[in-house]
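Novice: Sharing a structure here in structure tokens format.
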There are 4 protein chains.
Amino acid sequence: MFTHRIRVRYAEIDGQGVVFNAHWLTYFDDTCTRFMETLGFGPEFWTVEFDVMLVRAELQWTGSARFDEWVDVAVAPVRLGTTSFDLRYQASVAGRPTCDATITYVAVEPGHNTSIEIPAKVRAALQAQIP
Amino acid sequence: MFTHRIRVRYAEIDGQGVVFNAHWLTYFDDTCTRFMETLGFGPEFWTVEFDVMLVRAELQWTGSARFDEWVDVAVAPVRLGTTSFDLRYQASVAGRPTCDATITYVAVEPGHNTSIEIPAKVRAALQAQIP
Amino acid sequence: MFTHRIRVRYAEIDGQGVVFNAHWLTYFDDTCTRFMETLGFGPEFWTVEFDVMLVRAELQWTGSARFDEWVDVAVAPVRLGTTSFDLRYQASVAGRPTCDATITYVAVEPGHNTSIEIPAKVRAALQAQIP
Amino acid sequence: MFTHRIRVRYAEIDGQGVVFNAHWLTYFDDTCTRFMETLGFGPEFWTVEFDVMLVRAELQWTGSARFDEWVDVAVAPVRLGTTSFDLRYQASVAGRPTCDATITYVAVEPGHNTSIEIPAKVRAALQAQIP
């Protein structure tokens with residue numbers, strides 16, 4: 001499974017000394033970018049052929065991450081619809097689970113935010129990654 | 001129902017021209033702070049008697065918010081357990097729904113992040129707000 | 001002098017228990033938006049007639065702000081050139097100075113980030129606000 | 001000169017399609033952390049022996065960075081006082097300068113934010129890095 005490593009910045013730590021909750025969505029967003037890039041869809045693709053918007057996100061925290069720790073975020077598609085798909089994220093620090101999420105993305109036309117069908121080549125690439 | 005108004009900052013807009021997904025969790029966090037304050041639990045309370053950590057969050061987007069728009073976030077408790085409770089958030093812009101969320105908070109000892117029972121006065125205050 | 005009030009969010013506090021340094025630039029950006037709006041230049045103006053980019057910022061911290069405190073940010077123009085101008089920000093918490101800044105903005109064509117002359121009506125409005 | 005590479009996240013892009021101004025301070029903060037680590041002062045050091053707070057920052061933008069670009073941030077000490085020191089940052093994208101900054105840090109006692117003398121071993125390590 002594709003895994004992206006993120007190092008916790010001091011700016012991301014809150015008064016409790018742990019990564020502030022909202023930043024986990026940013027970590028998953030960053031992981032999505034890297035995951036799609038390994039499938040052949042880099043930044044130039046997003047603005048021309050295909051973009052996504054979030055329609056649903058479900059997060060569960062089982063631990064926390066602290067300043068300067070490495071967070072490993074594993075990601076894989078778990079559902080593939082006509083216009084939307086789900087990615088499953090599992091974040092851990094040194095093997096200790098911290099936050100899991102399932103995020104539903106809807107395919108949109110770049111610059112217009114209107115729903116489109118997932119392009120065939122994206123569909124094929126995601127299909128091949130379903131565990 | 002208690003409603004908190006937040007004005008979208010330019011810093012919160014992403015390349016799609018809408019509020020970046022993670023900031024909705026920040027908006028809900030800010031709303032939680034204001035909601036608890038109206039119940040009598042201001043910032044000095046959080047560091048001494050009672051703190052919370054997120055264990056679960058479920059968000060659904062039905063619209064987006066743009067630069068400088070006012071976001072109204074209504075909030076109410078919808079579940080009250082022994083050590084955890086759920087708040088339900090409903091965000092809208094000019095009456096148009098944008099993002100809803102149910103967030104589960106676990107009560108923790110301030111400074112230690114260890115689970116405790118919800119203090120009686122917090123429980124009573126939240127109970128009175130369940131719709 | 002125009003003053004904008006910002007309440008410190010929990011998300012903005014770092015491990016030292018104070019507003020993380022970068023957020024002061026966000027506070028000043030938010031203040032700039034509100035200041036320009038009082039001069040008659042709301043969000044619709046920025047995308048059509050005139051936009052700005054930062055070319056220089058000088059910040060000095062003499063104090064810090066904590067969770068839930070109100071930060072008052074006073075702002076006024078202090079220099080007005082042909083294509084750029086300086087705004088001076090003075091932030092305080094309950095009268096106690098926390099952070100001052102002088103920020104130089106260059107006028108740009110919306111959507112193109114190319115330098116233009118400051119439009120006459122913006123120039124006149126800023127000129128009238130110089131202390 | 002020590003250089004830290006940062007990849008621009010989608011969350012860091014604003015409505016102009018470039019890294020929002022405040023995030024440059026976050027990039028420099030992240031670079032400071034990595035720089036100090038190479039000198040032997042990792043995260044455990046900051047909370048026990050020595051911490052810093054910003055007292056002054058001067059930033060100059062000569063370009064911008066876009067989504068997914070790699071930002072190279074070179075850093076070196078340029079002044080070393082008794083209780084404070086300056087780091088000079090030079091950020092570029094593919095050799096093209098984007099943002100430079102000089103930041104003055106004051107040494108503080110961890111957890112108390114009270115000024116202290118720069119510890120001898122930190123002073124020696126920084127001294128050796130002055131260009």
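Chain labels run A, B, ... following the order of the structure tokens; each chain numbers its residues from 1, and ligands are numbered from 1 in the order shown.
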Can you give me chain D superposed onto chain C, least-squares on all Cα in order, written as a compact mmCIF listing (two decimals) with N, CA and C atoms, in the first residue's frame?

Specialist:
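Done, and the output landed in result.txt:
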# COMPACT_ATOMS: atom_id res chain seq x y z
N MET D 1 -8.13 55.73 14.35
CA MET D 1 -7.52 54.73 13.48
C MET D 1 -8.41 53.49 13.44
N PHE D 2 -8.52 52.90 12.27
CA PHE D 2 -9.34 51.71 12.14
C PHE D 2 -8.75 50.55 12.96
N THR D 3 -9.58 49.89 13.72
CA THR D 3 -9.13 48.75 14.52
C THR D 3 -10.03 47.54 14.29
N HIS D 4 -9.40 46.41 14.08
CA HIS D 4 -10.13 45.16 13.87
C HIS D 4 -9.86 44.23 15.06
N ARG D 5 -10.91 43.60 15.57
CA ARG D 5 -10.75 42.70 16.72
C ARG D 5 -10.78 41.24 16.26
N ILE D 6 -9.82 40.48 16.73
CA ILE D 6 -9.72 39.06 16.37
C ILE D 6 -9.64 38.26 17.67
N ARG D 7 -10.41 37.20 17.76
CA ARG D 7 -10.32 36.36 18.97
C ARG D 7 -9.44 35.16 18.66
N VAL D 8 -8.46 34.91 19.50
CA VAL D 8 -7.49 33.84 19.26
C VAL D 8 -8.16 32.47 19.33
N ARG D 9 -8.01 31.71 18.26
CA ARG D 9 -8.55 30.35 18.20
C ARG D 9 -7.58 29.35 18.84
N TYR D 10 -8.13 28.28 19.36
CA TYR D 10 -7.28 27.23 19.94
C TYR D 10 -6.32 26.68 18.89
N ALA D 11 -6.78 26.61 17.65
CA ALA D 11 -5.96 26.10 16.55
C ALA D 11 -4.72 26.96 16.30
N GLU D 12 -4.73 28.19 16.79
CA GLU D 12 -3.65 29.13 16.50
C GLU D 12 -2.57 29.15 17.58
N ILE D 13 -2.84 28.43 18.67
CA ILE D 13 -1.91 28.34 19.80
C ILE D 13 -0.92 27.21 19.53
N ASP D 14 0.35 27.44 19.84
CA ASP D 14 1.33 26.37 19.63
C ASP D 14 1.74 25.73 20.96
N GLY D 15 2.77 24.95 20.93
CA GLY D 15 3.21 24.22 22.12
C GLY D 15 3.69 25.12 23.25
N GLN D 16 3.99 26.39 22.93
CA GLN D 16 4.39 27.34 23.97
C GLN D 16 3.17 28.01 24.61
N GLY D 17 1.98 27.67 24.10
CA GLY D 17 0.77 28.25 24.67
C GLY D 17 0.46 29.65 24.17
N VAL D 18 1.15 30.08 23.12
CA VAL D 18 0.91 31.42 22.56
C VAL D 18 0.63 31.31 21.06
N VAL D 19 0.09 32.38 20.49
CA VAL D 19 -0.19 32.39 19.05
C VAL D 19 1.10 32.13 18.28
N PHE D 20 1.08 31.13 17.41
CA PHE D 20 2.26 30.80 16.60
C PHE D 20 2.61 31.98 15.70
N ASN D 21 3.91 32.24 15.54
CA ASN D 21 4.36 33.47 14.86
C ASN D 21 3.73 33.75 13.50
N ALA D 22 3.56 32.71 12.67
CA ALA D 22 3.04 32.93 11.32
C ALA D 22 1.61 33.47 11.31
N HIS D 23 0.84 33.12 12.35
CA HIS D 23 -0.56 33.56 12.36
C HIS D 23 -0.70 35.07 12.48
N TRP D 24 0.34 35.75 12.95
CA TRP D 24 0.26 37.22 13.01
C TRP D 24 0.14 37.80 11.60
N LEU D 25 0.80 37.21 10.65
CA LEU D 25 0.64 37.69 9.25
C LEU D 25 -0.79 37.44 8.78
N THR D 26 -1.39 36.34 9.22
CA THR D 26 -2.79 36.07 8.87
C THR D 26 -3.71 37.10 9.54
N TYR D 27 -3.42 37.42 10.79
CA TYR D 27 -4.23 38.44 11.49
C TYR D 27 -4.14 39.78 10.75
N PHE D 28 -2.93 40.12 10.29
CA PHE D 28 -2.76 41.40 9.60
C PHE D 28 -3.46 41.36 8.24
N ASP D 29 -3.43 40.23 7.59
CA ASP D 29 -4.12 40.07 6.31
C ASP D 29 -5.63 40.26 6.49
N ASP D 30 -6.14 39.64 7.53
CA ASP D 30 -7.57 39.75 7.84
C ASP D 30 -7.92 41.22 8.15
N THR D 31 -7.05 41.88 8.87
CA THR D 31 -7.27 43.29 9.21
C THR D 31 -7.24 44.16 7.96
N CYS D 32 -6.35 43.85 7.03
CA CYS D 32 -6.27 44.59 5.77
C CYS D 32 -7.59 44.48 5.00
N THR D 33 -8.13 43.27 4.95
CA THR D 33 -9.41 43.05 4.27
C THR D 33 -10.52 43.93 4.85
N ARG D 34 -10.60 43.93 6.17
CA ARG D 34 -11.64 44.72 6.86
C ARG D 34 -11.41 46.22 6.70
N PHE D 35 -10.15 46.62 6.72
CA PHE D 35 -9.80 48.03 6.58
C PHE D 35 -10.20 48.52 5.19
N MET D 36 -9.84 47.76 4.17
CA MET D 36 -10.15 48.16 2.80
C MET D 36 -11.66 48.17 2.58
N GLU D 37 -12.36 47.27 3.24
CA GLU D 37 -13.82 47.24 3.11
C GLU D 37 -14.44 48.54 3.66
N THR D 38 -13.90 49.03 4.78
CA THR D 38 -14.44 50.28 5.33
C THR D 38 -14.18 51.46 4.40
N LEU D 39 -13.16 51.31 3.54
CA LEU D 39 -12.87 52.38 2.56
C LEU D 39 -13.71 52.21 1.29
N GLY D 40 -14.54 51.16 1.26
CA GLY D 40 -15.43 50.97 0.11
C GLY D 40 -14.97 49.90 -0.86
N PHE D 41 -13.90 49.15 -0.48
CA PHE D 41 -13.37 48.13 -1.39
C PHE D 41 -13.58 46.74 -0.81
N GLY D 42 -14.71 46.17 -1.10
CA GLY D 42 -15.07 44.85 -0.60
C GLY D 42 -14.51 43.74 -1.48
N PRO D 43 -14.86 42.49 -1.18
CA PRO D 43 -14.26 41.33 -1.86
C PRO D 43 -14.47 41.32 -3.38
N GLU D 44 -15.57 41.87 -3.86
CA GLU D 44 -15.84 41.88 -5.29
C GLU D 44 -14.87 42.81 -6.02
N PHE D 45 -14.38 43.81 -5.30
CA PHE D 45 -13.43 44.77 -5.86
C PHE D 45 -12.08 44.10 -6.16
N TRP D 46 -11.62 43.28 -5.19
CA TRP D 46 -10.30 42.65 -5.29
C TRP D 46 -10.12 41.77 -6.52
N THR D 47 -11.18 41.13 -6.95
CA THR D 47 -11.04 40.19 -8.06
C THR D 47 -11.24 40.85 -9.42
N VAL D 48 -11.68 42.10 -9.41
CA VAL D 48 -12.00 42.76 -10.68
C VAL D 48 -11.07 43.93 -11.00
N GLU D 49 -10.87 44.80 -10.01
CA GLU D 49 -10.19 46.05 -10.32
C GLU D 49 -8.76 46.16 -9.81
N PHE D 50 -8.48 45.43 -8.75
CA PHE D 50 -7.25 45.73 -8.01
C PHE D 50 -6.98 44.58 -7.06
N ASP D 51 -5.79 44.07 -7.06
CA ASP D 51 -5.41 43.09 -6.05
C ASP D 51 -4.03 43.50 -5.53
N VAL D 52 -3.59 42.90 -4.47
CA VAL D 52 -2.27 43.24 -3.94
C VAL D 52 -1.47 41.98 -3.66
N MET D 53 -0.15 42.13 -3.68
CA MET D 53 0.73 41.07 -3.23
C MET D 53 1.73 41.69 -2.26
N LEU D 54 2.18 40.90 -1.31
CA LEU D 54 3.17 41.41 -0.35
C LEU D 54 4.55 41.38 -0.98
N VAL D 55 5.30 42.48 -0.81
CA VAL D 55 6.70 42.46 -1.23
C VAL D 55 7.65 42.56 -0.05
N ARG D 56 7.16 43.08 1.07
CA ARG D 56 8.02 43.22 2.24
C ARG D 56 7.16 43.24 3.49
N ALA D 57 7.65 42.62 4.53
CA ALA D 57 6.96 42.66 5.82
C ALA D 57 8.01 42.70 6.91
N GLU D 58 7.79 43.58 7.86
CA GLU D 58 8.71 43.70 8.99
C GLU D 58 7.87 43.61 10.24
N LEU D 59 8.11 42.58 11.03
CA LEU D 59 7.31 42.36 12.24
C LEU D 59 8.19 42.46 13.49
N GLN D 60 7.62 43.03 14.54
CA GLN D 60 8.32 43.07 15.83
C GLN D 60 7.38 42.61 16.92
N TRP D 61 7.83 41.62 17.69
CA TRP D 61 7.00 41.12 18.78
C TRP D 61 7.48 41.70 20.10
N THR D 62 6.55 42.24 20.87
CA THR D 62 6.90 42.74 22.19
C THR D 62 6.08 42.01 23.26
N GLY D 63 5.25 41.11 22.84
CA GLY D 63 4.43 40.34 23.77
C GLY D 63 3.78 39.20 23.01
N SER D 64 2.94 38.45 23.70
CA SER D 64 2.29 37.33 23.04
C SER D 64 0.79 37.33 23.35
N ALA D 65 0.05 36.57 22.60
CA ALA D 65 -1.39 36.47 22.83
C ALA D 65 -1.72 35.01 23.10
N ARG D 66 -2.69 34.78 23.96
CA ARG D 66 -3.05 33.43 24.37
C ARG D 66 -4.46 33.05 23.91
N PHE D 67 -4.76 31.80 24.08
CA PHE D 67 -6.05 31.24 23.69
C PHE D 67 -7.20 32.11 24.20
N ASP D 68 -8.10 32.45 23.28
CA ASP D 68 -9.36 33.11 23.60
C ASP D 68 -9.22 34.59 23.92
N GLU D 69 -8.00 35.10 23.89
CA GLU D 69 -7.85 36.54 24.13
C GLU D 69 -8.30 37.31 22.88
N TRP D 70 -8.74 38.55 23.12
CA TRP D 70 -9.08 39.44 22.02
C TRP D 70 -7.84 40.21 21.60
N VAL D 71 -7.54 40.16 20.33
CA VAL D 71 -6.43 40.93 19.80
C VAL D 71 -7.00 42.12 19.03
N ASP D 72 -6.59 43.32 19.40
CA ASP D 72 -7.01 44.53 18.68
C ASP D 72 -5.90 44.91 17.71
N VAL D 73 -6.24 44.99 16.45
CA VAL D 73 -5.23 45.35 15.46
C VAL D 73 -5.60 46.70 14.82
N ALA D 74 -4.82 47.72 15.15
CA ALA D 74 -5.01 49.05 14.55
C ALA D 74 -4.20 49.10 13.27
N VAL D 75 -4.73 49.77 12.26
CA VAL D 75 -4.02 49.82 10.98
C VAL D 75 -4.18 51.19 10.33
N ALA D 76 -3.12 51.65 9.66
CA ALA D 76 -3.18 52.90 8.91
C ALA D 76 -2.10 52.89 7.84
N PRO D 77 -2.36 53.56 6.71
CA PRO D 77 -1.32 53.67 5.68
C PRO D 77 -0.22 54.60 6.19
N VAL D 78 1.03 54.30 5.87
CA VAL D 78 2.13 55.19 6.28
C VAL D 78 3.01 55.60 5.09
N ARG D 79 2.76 55.01 3.91
CA ARG D 79 3.48 55.40 2.70
C ARG D 79 2.61 55.05 1.51
N LEU D 80 2.65 55.92 0.51
CA LEU D 80 1.80 55.74 -0.66
C LEU D 80 2.65 56.05 -1.89
N GLY D 81 3.08 55.00 -2.60
CA GLY D 81 3.89 55.20 -3.79
C GLY D 81 3.03 55.11 -5.05
N THR D 82 3.67 54.94 -6.20
CA THR D 82 2.93 54.86 -7.46
C THR D 82 2.28 53.48 -7.63
N THR D 83 3.07 52.44 -7.36
CA THR D 83 2.56 51.08 -7.53
C THR D 83 2.53 50.29 -6.22
N SER D 84 3.03 50.89 -5.15
CA SER D 84 3.03 50.17 -3.87
C SER D 84 2.71 51.11 -2.72
N PHE D 85 2.31 50.53 -1.60
CA PHE D 85 2.02 51.32 -0.41
C PHE D 85 2.32 50.49 0.83
N ASP D 86 2.51 51.19 1.96
CA ASP D 86 2.79 50.52 3.23
C ASP D 86 1.64 50.70 4.20
N LEU D 87 1.25 49.61 4.84
CA LEU D 87 0.31 49.71 5.96
C LEU D 87 1.07 49.38 7.24
N ARG D 88 0.74 50.12 8.28
CA ARG D 88 1.37 49.91 9.59
C ARG D 88 0.32 49.30 10.52
N TYR D 89 0.66 48.16 11.11
CA TYR D 89 -0.25 47.46 12.01
C TYR D 89 0.29 47.51 13.44
N GLN D 90 -0.58 47.71 14.39
CA GLN D 90 -0.20 47.66 15.81
C GLN D 90 -1.20 46.79 16.55
N ALA D 91 -0.75 45.63 16.97
CA ALA D 91 -1.64 44.69 17.66
C ALA D 91 -1.42 44.73 19.17
N SER D 92 -2.51 44.64 19.89
CA SER D 92 -2.41 44.65 21.36
C SER D 92 -3.51 43.77 21.96
N VAL D 93 -3.26 43.34 23.18
CA VAL D 93 -4.25 42.55 23.93
C VAL D 93 -4.55 43.34 25.21
N ALA D 94 -5.76 43.81 25.34
CA ALA D 94 -6.15 44.60 26.52
C ALA D 94 -5.18 45.77 26.75
N GLY D 95 -4.79 46.42 25.68
CA GLY D 95 -3.93 47.59 25.77
C GLY D 95 -2.44 47.28 25.84
N ARG D 96 -2.10 46.00 26.00
CA ARG D 96 -0.71 45.56 26.08
C ARG D 96 -0.21 45.23 24.67
N PRO D 97 0.83 45.95 24.16
CA PRO D 97 1.31 45.71 22.80
C PRO D 97 1.85 44.28 22.65
N THR D 98 1.55 43.66 21.52
CA THR D 98 2.02 42.29 21.29
C THR D 98 2.89 42.21 20.03
N CYS D 99 2.37 42.75 18.92
CA CYS D 99 3.11 42.64 17.67
C CYS D 99 2.80 43.84 16.78
N ASP D 100 3.85 44.45 16.23
CA ASP D 100 3.71 45.55 15.28
C ASP D 100 4.26 45.10 13.95
N ALA D 101 3.76 45.67 12.88
CA ALA D 101 4.30 45.30 11.57
C ALA D 101 4.12 46.43 10.59
N THR D 102 5.06 46.52 9.66
CA THR D 102 4.88 47.38 8.50
C THR D 102 4.95 46.47 7.29
N ILE D 103 3.90 46.51 6.48
CA ILE D 103 3.83 45.62 5.31
C ILE D 103 3.72 46.44 4.04
N THR D 104 4.56 46.11 3.07
CA THR D 104 4.53 46.79 1.78
C THR D 104 3.77 45.93 0.78
N TYR D 105 2.75 46.54 0.19
CA TYR D 105 1.92 45.86 -0.79
C TYR D 105 2.16 46.46 -2.16
N VAL D 106 2.22 45.62 -3.17
CA VAL D 106 2.30 46.13 -4.52
C VAL D 106 0.96 45.85 -5.20
N ALA D 107 0.46 46.83 -5.93
CA ALA D 107 -0.81 46.69 -6.64
C ALA D 107 -0.61 45.78 -7.85
N VAL D 108 -1.51 44.82 -8.03
CA VAL D 108 -1.41 43.92 -9.19
C VAL D 108 -2.76 43.79 -9.88
N GLU D 109 -2.69 43.41 -11.14
CA GLU D 109 -3.90 43.14 -11.91
C GLU D 109 -4.51 41.83 -11.40
N PRO D 110 -5.78 41.82 -11.03
CA PRO D 110 -6.39 40.59 -10.51
C PRO D 110 -6.24 39.43 -11.50
N GLY D 111 -5.80 38.30 -11.00
CA GLY D 111 -5.67 37.11 -11.83
C GLY D 111 -4.36 37.02 -12.60
N HIS D 112 -3.58 38.11 -12.62
CA HIS D 112 -2.34 38.07 -13.38
C HIS D 112 -1.08 38.36 -12.58
N ASN D 113 -1.27 38.88 -11.37
CA ASN D 113 -0.13 39.15 -10.49
C ASN D 113 0.94 40.04 -11.14
N THR D 114 0.54 40.85 -12.14
CA THR D 114 1.47 41.81 -12.73
C THR D 114 1.21 43.19 -12.14
N SER D 115 2.29 43.89 -11.87
CA SER D 115 2.23 45.18 -11.19
C SER D 115 1.47 46.23 -12.00
N ILE D 116 0.63 47.00 -11.33
CA ILE D 116 -0.09 48.11 -11.96
C ILE D 116 0.01 49.34 -11.05
N GLU D 117 -0.40 50.49 -11.56
CA GLU D 117 -0.48 51.67 -10.69
C GLU D 117 -1.66 51.52 -9.74
N ILE D 118 -1.51 52.04 -8.54
CA ILE D 118 -2.62 52.03 -7.59
C ILE D 118 -3.76 52.85 -8.21
N PRO D 119 -4.97 52.28 -8.35
CA PRO D 119 -6.08 53.03 -8.94
C PRO D 119 -6.35 54.33 -8.17
N ALA D 120 -6.77 55.36 -8.89
CA ALA D 120 -6.96 56.69 -8.29
C ALA D 120 -7.89 56.68 -7.09
N LYS D 121 -8.97 55.93 -7.16
CA LYS D 121 -9.90 55.96 -6.02
C LYS D 121 -9.34 55.26 -4.78
N VAL D 122 -8.50 54.24 -5.01
CA VAL D 122 -7.84 53.58 -3.88
C VAL D 122 -6.82 54.55 -3.27
N ARG D 123 -6.06 55.21 -4.14
CA ARG D 123 -5.06 56.18 -3.69
C ARG D 123 -5.71 57.28 -2.85
N ALA D 124 -6.81 57.80 -3.33
CA ALA D 124 -7.48 58.89 -2.60
C ALA D 124 -7.98 58.40 -1.24
N ALA D 125 -8.54 57.19 -1.23
CA ALA D 125 -9.07 56.65 0.02
C ALA D 125 -7.96 56.40 1.03
N LEU D 126 -6.83 55.85 0.56
CA LEU D 126 -5.70 55.59 1.46
C LEU D 126 -5.09 56.91 1.96
N GLN D 127 -4.93 57.85 1.03
CA GLN D 127 -4.35 59.15 1.37
C GLN D 127 -5.08 59.80 2.55
N ALA D 128 -6.40 59.70 2.51
CA ALA D 128 -7.23 60.31 3.55
C ALA D 128 -7.05 59.64 4.91
N GLN D 129 -6.45 58.44 4.91
CA GLN D 129 -6.28 57.70 6.17
C GLN D 129 -4.89 57.81 6.76
N ILE D 130 -3.97 58.47 6.04
CA ILE D 130 -2.61 58.60 6.59
C ILE D 130 -2.66 59.48 7.83
N PRO D 131 -2.15 59.01 8.96
CA PRO D 131 -2.27 59.75 10.24
C PRO D 131 -1.51 61.08 10.20

Novice: As a ChimeraX atom specification, list the residues of chain B assigned to strand (DSSP E) by DSSP on the backbone atoms of this structure.

Specialist: /B:2-7,51-61,70-80,84-93,96-108

Novice: Using DSSP secondary structure from the backbone, list all alpha helix (DSSP H) positions within chain A, as a PyMOL selection string.

Specialist: chain A and resi 22-38+43-46+120-127
